[in-house]
file query_33.txt (compact mmCIF, C-alpha atoms)
# COMPACT_ATOMS: atom_id res chain seq x y z
CA MET A 1 -130.59 -286.00 3.70
CA THR A 2 -129.74 -282.82 1.80
CA ASP A 3 -130.05 -279.18 2.65
CA ASP A 4 -130.31 -278.25 -1.04
CA PRO A 5 -133.80 -276.69 -1.36
CA ALA A 6 -133.84 -277.43 -5.11
CA LEU A 7 -133.98 -281.16 -4.30
CA SER A 8 -136.78 -280.89 -1.75
CA GLY A 9 -139.66 -283.27 -2.43
CA LEU A 10 -137.90 -285.24 -5.17
CA SER A 11 -138.14 -288.97 -4.58
CA GLY A 12 -135.66 -291.54 -5.82
CA SER A 13 -132.03 -291.03 -6.75
CA ILE A 14 -130.70 -288.04 -8.69
CA VAL A 15 -129.41 -289.32 -12.04
CA HIS A 16 -128.64 -285.95 -13.64
CA ASP A 17 -128.09 -282.46 -12.26
CA GLU A 18 -126.87 -279.66 -14.51
CA ILE A 19 -126.78 -275.90 -14.66
CA VAL A 20 -127.75 -274.63 -18.13
CA PRO A 21 -126.04 -271.29 -18.74
CA ALA A 22 -127.98 -268.20 -19.76
CA ARG A 23 -128.88 -268.20 -23.48
CA ALA A 24 -127.82 -271.85 -23.95
CA PRO A 25 -129.52 -274.96 -25.40
CA TRP A 26 -129.93 -278.28 -23.55
CA LEU A 27 -130.92 -281.78 -24.70
CA HIS A 28 -131.45 -284.81 -22.50
CA HIS A 29 -133.12 -288.22 -22.63
CA VAL A 30 -135.63 -288.77 -19.81
CA ALA A 31 -136.86 -292.32 -19.30
CA ALA A 32 -140.47 -293.24 -18.58
CA GLY A 33 -141.18 -292.81 -14.88
CA GLN A 34 -138.34 -290.37 -14.27
CA THR A 35 -139.05 -286.82 -13.10
CA LEU A 36 -137.46 -283.74 -14.62
CA ARG A 37 -137.33 -280.72 -12.32
CA ILE A 38 -136.62 -277.30 -13.84
CA VAL A 39 -135.32 -274.76 -11.36
CA ASP A 40 -135.60 -271.04 -12.12
CA VAL A 41 -132.34 -270.23 -10.34
CA GLU A 42 -132.47 -266.42 -10.29
CA GLY A 43 -136.14 -265.87 -11.15
CA ASN A 44 -138.16 -264.67 -14.17
CA GLN A 45 -136.29 -266.83 -16.68
CA ALA A 46 -138.33 -268.29 -19.54
CA VAL A 47 -137.53 -271.89 -20.48
CA ASP A 48 -138.61 -272.83 -24.03
CA PHE A 49 -139.34 -276.55 -24.14
CA LEU A 50 -139.88 -279.26 -26.78
CA ILE A 51 -140.45 -283.01 -26.38
CA TYR A 52 -139.82 -285.85 -28.83
CA SER A 53 -140.52 -289.55 -28.43
CA ALA A 54 -137.25 -291.41 -27.96
CA ALA A 55 -138.65 -294.38 -29.88
CA ASP A 56 -139.67 -292.34 -32.93
CA ASP A 57 -139.03 -288.61 -33.03
CA ALA A 58 -141.76 -288.13 -35.64
CA GLU A 59 -143.96 -288.26 -32.55
CA ARG A 60 -143.51 -285.02 -30.67
CA TYR A 61 -145.28 -282.57 -28.36
CA SER A 62 -148.47 -281.11 -29.78
CA ALA A 63 -149.70 -277.82 -28.37
CA GLN A 64 -152.97 -278.22 -30.28
CA ASP A 65 -153.78 -281.65 -28.84
CA THR A 66 -152.71 -280.64 -25.35
CA VAL A 67 -154.79 -277.46 -25.29
CA ALA A 68 -157.83 -279.12 -26.88
CA ALA A 69 -157.79 -282.00 -24.40
CA LYS A 70 -157.32 -279.71 -21.40
CA GLY A 71 -159.74 -277.02 -22.58
CA ASN A 72 -157.38 -274.33 -21.33
CA LEU A 73 -154.50 -272.35 -22.82
CA PHE A 74 -152.41 -272.48 -19.64
CA LEU A 75 -150.45 -275.42 -18.28
CA LYS A 76 -150.74 -276.10 -14.56
CA THR A 77 -150.12 -278.87 -12.04
CA GLY A 78 -151.85 -281.96 -13.42
CA SER A 79 -151.63 -280.94 -17.07
CA VAL A 80 -150.81 -283.83 -19.39
CA LEU A 81 -148.58 -282.94 -22.35
CA LEU A 82 -149.83 -284.86 -25.38
CA SER A 83 -148.08 -285.85 -28.58
CA ASN A 84 -149.30 -285.44 -32.15
CA GLU A 85 -150.47 -289.06 -31.78
CA GLY A 86 -152.63 -288.06 -28.82
CA ARG A 87 -150.49 -289.99 -26.34
CA PRO A 88 -149.28 -288.67 -22.97
CA MET A 89 -145.60 -287.69 -23.13
CA MET A 90 -145.10 -285.94 -19.78
CA THR A 91 -147.29 -284.80 -16.89
CA ILE A 92 -146.74 -281.66 -14.80
CA THR A 93 -146.77 -283.19 -11.32
CA GLY A 94 -145.92 -280.02 -9.46
CA SER A 95 -145.47 -276.32 -10.14
CA ALA A 96 -144.44 -273.51 -7.82
CA VAL A 97 -145.97 -270.96 -10.20
CA GLU A 98 -149.65 -270.80 -11.07
CA TYR A 99 -149.38 -271.47 -14.80
CA HIS A 100 -147.09 -271.74 -17.82
CA ASP A 101 -147.47 -270.53 -21.41
CA THR A 102 -148.41 -272.53 -24.52
CA ILE A 103 -148.87 -269.77 -27.10
CA GLY A 104 -145.99 -267.28 -26.87
CA GLY A 105 -143.79 -269.38 -29.15
CA ALA A 106 -140.02 -269.29 -29.56
CA CYS A 107 -138.18 -266.08 -30.36
CA SER A 108 -136.31 -266.02 -33.67
CA CYS A 109 -134.20 -263.58 -35.65
CA GLU A 110 -137.21 -262.98 -37.90
CA SER A 111 -139.71 -262.36 -35.09
CA ASN A 112 -137.24 -260.14 -33.24
CA THR A 113 -136.80 -258.02 -36.37
CA LEU A 114 -140.56 -257.75 -36.87
CA ARG A 115 -141.35 -256.90 -33.25
CA TYR A 116 -138.34 -254.88 -32.13
CA GLY A 117 -136.58 -253.52 -35.19
CA HIS A 118 -133.91 -254.41 -37.70
CA HIS A 119 -131.11 -253.75 -35.20
CA THR A 120 -132.10 -256.99 -33.36
CA ARG A 121 -131.65 -259.19 -36.45
CA HIS A 122 -128.36 -260.73 -35.31
CA GLN A 123 -129.32 -261.33 -31.70
CA HIS A 124 -129.24 -264.96 -30.55
CA ALA A 125 -132.71 -266.52 -30.31
CA CYS A 126 -134.52 -269.64 -29.09
CA VAL A 127 -134.93 -270.99 -32.62
CA ASP A 128 -131.13 -270.97 -32.90
CA ASN A 129 -130.85 -272.94 -29.66
CA PHE A 130 -133.46 -275.49 -30.74
CA LEU A 131 -131.66 -275.96 -34.05
CA GLU A 132 -128.26 -276.34 -32.38
CA ALA A 133 -129.54 -279.04 -30.04
CA ASN A 134 -131.68 -280.87 -32.59
CA LEU A 135 -128.96 -280.99 -35.23
CA THR A 136 -126.91 -283.22 -32.93
CA GLN A 137 -129.56 -285.91 -33.50
CA GLY A 138 -130.36 -285.25 -37.13
CA ARG A 139 -133.42 -283.05 -36.69
CA GLY A 140 -133.79 -279.75 -38.51
CA LYS A 141 -136.02 -276.70 -38.65
CA ARG A 142 -138.97 -278.68 -40.03
CA ASP A 143 -138.94 -280.76 -36.84
CA MET A 144 -139.55 -277.76 -34.61
CA VAL A 145 -143.15 -277.38 -33.45
CA SER A 146 -145.02 -274.99 -31.19
CA ASN A 147 -143.25 -275.07 -27.84
CA ILE A 148 -144.03 -274.66 -24.17
CA ASN A 149 -142.65 -271.65 -22.30
CA PHE A 150 -142.15 -272.57 -18.68
CA PHE A 151 -142.20 -269.63 -16.22
CA MET A 152 -143.33 -267.23 -18.98
CA ASN A 153 -146.35 -264.98 -18.49
CA VAL A 154 -148.53 -264.43 -21.57
CA PRO A 155 -151.97 -263.36 -20.33
CA VAL A 156 -154.95 -263.43 -22.69
CA GLU A 157 -157.44 -260.58 -22.32
CA ASP A 158 -161.22 -260.87 -22.71
CA ASP A 159 -161.02 -259.50 -26.25
CA GLY A 160 -158.40 -262.09 -27.24
CA THR A 161 -155.36 -259.82 -27.19
CA LEU A 162 -152.20 -261.11 -25.56
CA GLY A 163 -148.80 -259.81 -24.61
CA ILE A 164 -145.54 -260.92 -23.03
CA VAL A 165 -145.41 -259.26 -19.62
CA ASP A 166 -143.45 -259.46 -16.36
CA GLY A 167 -142.94 -263.02 -15.19
CA ILE A 168 -144.67 -264.62 -12.22
CA SER A 169 -141.66 -266.70 -11.16
CA ALA A 170 -139.02 -265.97 -8.53
CA PRO A 171 -135.59 -267.29 -7.53
CA GLY A 172 -135.62 -271.01 -6.78
CA LEU A 173 -139.13 -271.77 -8.02
CA THR A 174 -139.61 -275.07 -9.81
CA VAL A 175 -141.76 -277.14 -12.14
CA ASP A 176 -141.73 -280.97 -12.11
CA LEU A 177 -142.55 -283.17 -15.11
CA ARG A 178 -142.93 -286.94 -15.02
CA ALA A 179 -142.11 -288.75 -18.25
CA GLU A 180 -144.96 -291.02 -19.38
CA MET A 181 -142.80 -292.52 -22.15
CA ASP A 182 -139.12 -292.42 -22.99
CA VAL A 183 -138.62 -288.87 -24.27
CA ILE A 184 -136.01 -286.50 -25.61
CA VAL A 185 -136.32 -283.08 -24.00
CA VAL A 186 -134.92 -280.09 -25.91
CA VAL A 187 -134.66 -276.75 -24.13
CA SER A 188 -133.71 -273.22 -25.05
CA ASN A 189 -132.80 -271.21 -21.98
CA CYS A 190 -134.33 -268.14 -23.58
CA PRO A 191 -131.85 -265.41 -24.63
CA GLN A 192 -134.51 -262.75 -25.26
CA ILE A 193 -133.53 -259.24 -24.07
CA ASN A 194 -136.20 -257.15 -25.84
CA ASN A 195 -139.23 -258.02 -23.69
CA PRO A 196 -139.82 -258.78 -19.97
CA CYS A 197 -139.98 -262.60 -20.27
CA ASN A 198 -136.47 -262.79 -18.77
CA ALA A 199 -136.62 -259.47 -16.91
CA PHE A 200 -134.39 -258.19 -19.77
CA ASN A 201 -131.53 -260.22 -18.25
CA PRO A 202 -131.22 -263.91 -19.22
CA THR A 203 -129.97 -266.11 -16.36
CA PRO A 204 -129.08 -269.80 -15.77
CA VAL A 205 -131.55 -272.57 -14.98
CA ARG A 206 -130.97 -275.92 -13.33
CA MET A 207 -132.16 -279.24 -14.75
CA ILE A 208 -132.49 -282.17 -12.31
CA VAL A 209 -133.58 -285.69 -13.25
CA ALA A 210 -134.71 -288.09 -10.54
CA ALA A 211 -135.36 -291.82 -11.03
call {"tool": "encode", "arguments": {"input": "query_33.txt", "output": "structure tokens"}}
result
Amino acid sequence: MTDDPALSGLSGSIVHDEIVPARAPWLHHVAAGQTLRIVDVEGNQAVDFLIYSAADDAERYSAQDTVAAKGNLFLKTGSVLLSNEGRPMMTITGSAVEYHDTIGGACSCESNTLRYGHHTRHQHACVDNFLEANLTQGRGKRDMVSNINFFMNVPVEDDGTLGIVDGISAPGLTVDLRAEMDVIVVVSNCPQINNPCNAFNPTPVRMIVAA
């Protein structure tokens, strides 16, 4: 038994448990049937998330296919994350927050400059993290697709407008994803400081894999 609340409800043995520092990238192979738990350690921390097939990384997460199949912009417990081949890659088996974002995208030097001013041009961004992680396995900028933003709140109004607003997460809240195939997960622990997605203060997250 363990008194670690972050492990509560996880079945099987823990095969990986790591703290990802604020603003840092993370890459890990998750085998079919294993569960990845993301823990928002201090609360209101956006986790930008990409998935590639371990067998052939030309197959990767597709926001378009996932949203079209679900008929909803938001990811919730039970949502199946589909690839560009229409195959299930991971399933959200549990979430302590109501929904997660599919449309906010990854911050970049270019988007920061456009949204927040030229003085932000040299700030570290999620695109940098994705590139740093992907380059270790031979992938480049062309291999980056529309990503998921776990714990990020991007409401869509009736007239179609959207905005990045205060998060709906809190310290210790989690999301669980079961791998439906062998996958490579690439994460940017979002470094954004110009909008409320990280409460203007990026913090660590914890990544736990159970088999």
call {"tool": "atom_distance", "arguments": {"input": "query_33.txt", "atom1": "CA of Ile103 in chain A", "atom2": "CA of Glu18 in chain A"}}
result
27.2 Å
call {"tool": "closest_residue", "arguments": {"input": "query_33.txt", "among": "A:Val145, A:Ala24, A:Ile38, A:Val165", "to": "Ser62 in chain A", "atoms": "all atoms listed in the file"}}
result
A:Val145
call {"tool": "atom_distance", "arguments": {"input": "query_33.txt", "atom1": "CA of Ser146 in chain A", "atom2": "CA of Thr102 in chain A"}}
result
7.9 Å
call {"tool": "atom_distance", "arguments": {"input": "query_33.txt", "atom1": "CA of Gly78 in chain A", "atom2": "CA of Pro204 in chain A"}}
result
25.9 Å
call {"tool": "residues_around", "arguments": {"input": "query_33.txt", "residues": "Asp182 in chain A", "least_positions_apart": "5", "cutoff": "10 Å", "atoms": "only C-alpha atoms", "output": "mmCIF file with C-alpha atoms, keeping the file's coordinate frame"}}
result
data_model
loop_
_atom_site.group_PDB
_atom_site.id
_atom_site.type_symbol
_atom_site.label_atom_id
_atom_site.label_comp_id
_atom_site.auth_asym_id
_atom_site.auth_seq_id
_atom_site.Cartn_x
_atom_site.Cartn_y
_atom_site.Cartn_z
ATOM 1 C CA HIS A 29 -133.120 -288.220 -22.630
ATOM 2 C CA VAL A 30 -135.630 -288.770 -19.810
ATOM 3 C CA ALA A 31 -136.860 -292.320 -19.300
ATOM 4 C CA ALA A 32 -140.470 -293.240 -18.580
ATOM 5 C CA GLY A 33 -141.180 -292.810 -14.880
ATOM 6 C CA GLN A 34 -138.340 -290.370 -14.270
ATOM 7 C CA TYR A 52 -139.820 -285.850 -28.830
ATOM 8 C CA SER A 53 -140.520 -289.550 -28.430
ATOM 9 C CA ALA A 54 -137.250 -291.410 -27.960
ATOM 10 C CA ALA A 55 -138.650 -294.380 -29.880
ATOM 11 C CA ASP A 56 -139.670 -292.340 -32.930
ATOM 12 C CA MET A 89 -145.600 -287.690 -23.130
ATOM 13 C CA MET A 90 -145.100 -285.940 -19.780
#
call {"tool": "build_atoms", "arguments": {"input": "query_33.txt", "residues": "range 10-27 of chain A", "atoms": "N, CA and C atoms", "output": "PDB file, in the frame of the given file"}}
result
ATOM      1  N   LEU A  10    -138.201-284.290  -4.093  1.00  0.00           N
ATOM      2  CA  LEU A  10    -137.900-285.240  -5.170  1.00  0.00           C
ATOM      3  C   LEU A  10    -137.641-286.608  -4.561  1.00  0.00           C
ATOM      4  N   SER A  11    -138.348-287.614  -5.066  1.00  0.00           N
ATOM      5  CA  SER A  11    -138.140-288.970  -4.580  1.00  0.00           C
ATOM      6  C   SER A  11    -137.208-289.722  -5.529  1.00  0.00           C
ATOM      7  N   GLY A  12    -136.586-290.769  -5.014  1.00  0.00           N
ATOM      8  CA  GLY A  12    -135.660-291.540  -5.820  1.00  0.00           C
ATOM      9  C   GLY A  12    -134.287-290.918  -5.856  1.00  0.00           C
ATOM     10  N   SER A  13    -133.410-291.509  -6.665  1.00  0.00           N
ATOM     11  CA  SER A  13    -132.030-291.030  -6.750  1.00  0.00           C
ATOM     12  C   SER A  13    -131.905-289.986  -7.853  1.00  0.00           C
ATOM     13  N   ILE A  14    -130.971-289.069  -7.685  1.00  0.00           N
ATOM     14  CA  ILE A  14    -130.700-288.040  -8.690  1.00  0.00           C
ATOM     15  C   ILE A  14    -129.753-288.647  -9.737  1.00  0.00           C
ATOM     16  N   VAL A  15    -130.210-288.708 -10.972  1.00  0.00           N
ATOM     17  CA  VAL A  15    -129.410-289.320 -12.040  1.00  0.00           C
ATOM     18  C   VAL A  15    -128.778-288.270 -12.950  1.00  0.00           C
ATOM     19  N   HIS A  16    -129.238-287.029 -12.847  1.00  0.00           N
ATOM     20  CA  HIS A  16    -128.640-285.950 -13.640  1.00  0.00           C
ATOM     21  C   HIS A  16    -128.936-284.631 -12.946  1.00  0.00           C
ATOM     22  N   ASP A  17    -127.928-283.758 -12.918  1.00  0.00           N
ATOM     23  CA  ASP A  17    -128.090-282.460 -12.260  1.00  0.00           C
ATOM     24  C   ASP A  17    -127.134-281.495 -12.962  1.00  0.00           C
ATOM     25  N   GLU A  18    -127.697-280.521 -13.654  1.00  0.00           N
ATOM     26  CA  GLU A  18    -126.870-279.660 -14.510  1.00  0.00           C
ATOM     27  C   GLU A  18    -127.376-278.230 -14.501  1.00  0.00           C
ATOM     28  N   ILE A  19    -126.456-277.309 -14.479  1.00  0.00           N
ATOM     29  CA  ILE A  19    -126.780-275.900 -14.660  1.00  0.00           C
ATOM     30  C   ILE A  19    -126.668-275.587 -16.151  1.00  0.00           C
ATOM     31  N   VAL A  20    -127.752-275.056 -16.722  1.00  0.00           N
ATOM     32  CA  VAL A  20    -127.750-274.630 -18.130  1.00  0.00           C
ATOM     33  C   VAL A  20    -127.473-273.135 -18.144  1.00  0.00           C
ATOM     34  N   PRO A  21    -126.377-272.717 -18.763  1.00  0.00           N
ATOM     35  CA  PRO A  21    -126.040-271.290 -18.740  1.00  0.00           C
ATOM     36  C   PRO A  21    -127.104-270.420 -19.407  1.00  0.00           C
ATOM     37  N   ALA A  22    -127.101-269.150 -19.080  1.00  0.00           N
ATOM     38  CA  ALA A  22    -127.980-268.200 -19.760  1.00  0.00           C
ATOM     39  C   ALA A  22    -127.760-268.285 -21.260  1.00  0.00           C
ATOM     40  N   ARG A  23    -128.879-268.241 -22.012  1.00  0.00           N
ATOM     41  CA  ARG A  23    -128.880-268.200 -23.480  1.00  0.00           C
ATOM     42  C   ARG A  23    -128.499-269.524 -24.149  1.00  0.00           C
ATOM     43  N   ALA A  24    -128.349-270.603 -23.390  1.00  0.00           N
ATOM     44  CA  ALA A  24    -127.820-271.850 -23.950  1.00  0.00           C
ATOM     45  C   ALA A  24    -128.910-272.873 -24.244  1.00  0.00           C
ATOM     46  N   PRO A  25    -128.625-273.825 -25.169  1.00  0.00           N
ATOM     47  CA  PRO A  25    -129.520-274.960 -25.400  1.00  0.00           C
ATOM     48  C   PRO A  25    -129.208-276.108 -24.446  1.00  0.00           C
ATOM     49  N   TRP A  26    -130.124-277.068 -24.380  1.00  0.00           N
ATOM     50  CA  TRP A  26    -129.930-278.280 -23.550  1.00  0.00           C
ATOM     51  C   TRP A  26    -130.757-279.391 -24.146  1.00  0.00           C
ATOM     52  N   LEU A  27    -130.211-280.591 -24.210  1.00  0.00           N
ATOM     53  CA  LEU A  27    -130.920-281.780 -24.700  1.00  0.00           C
ATOM     54  C   LEU A  27    -130.610-282.925 -23.755  1.00  0.00           C
TER      55      LEU A  27
END
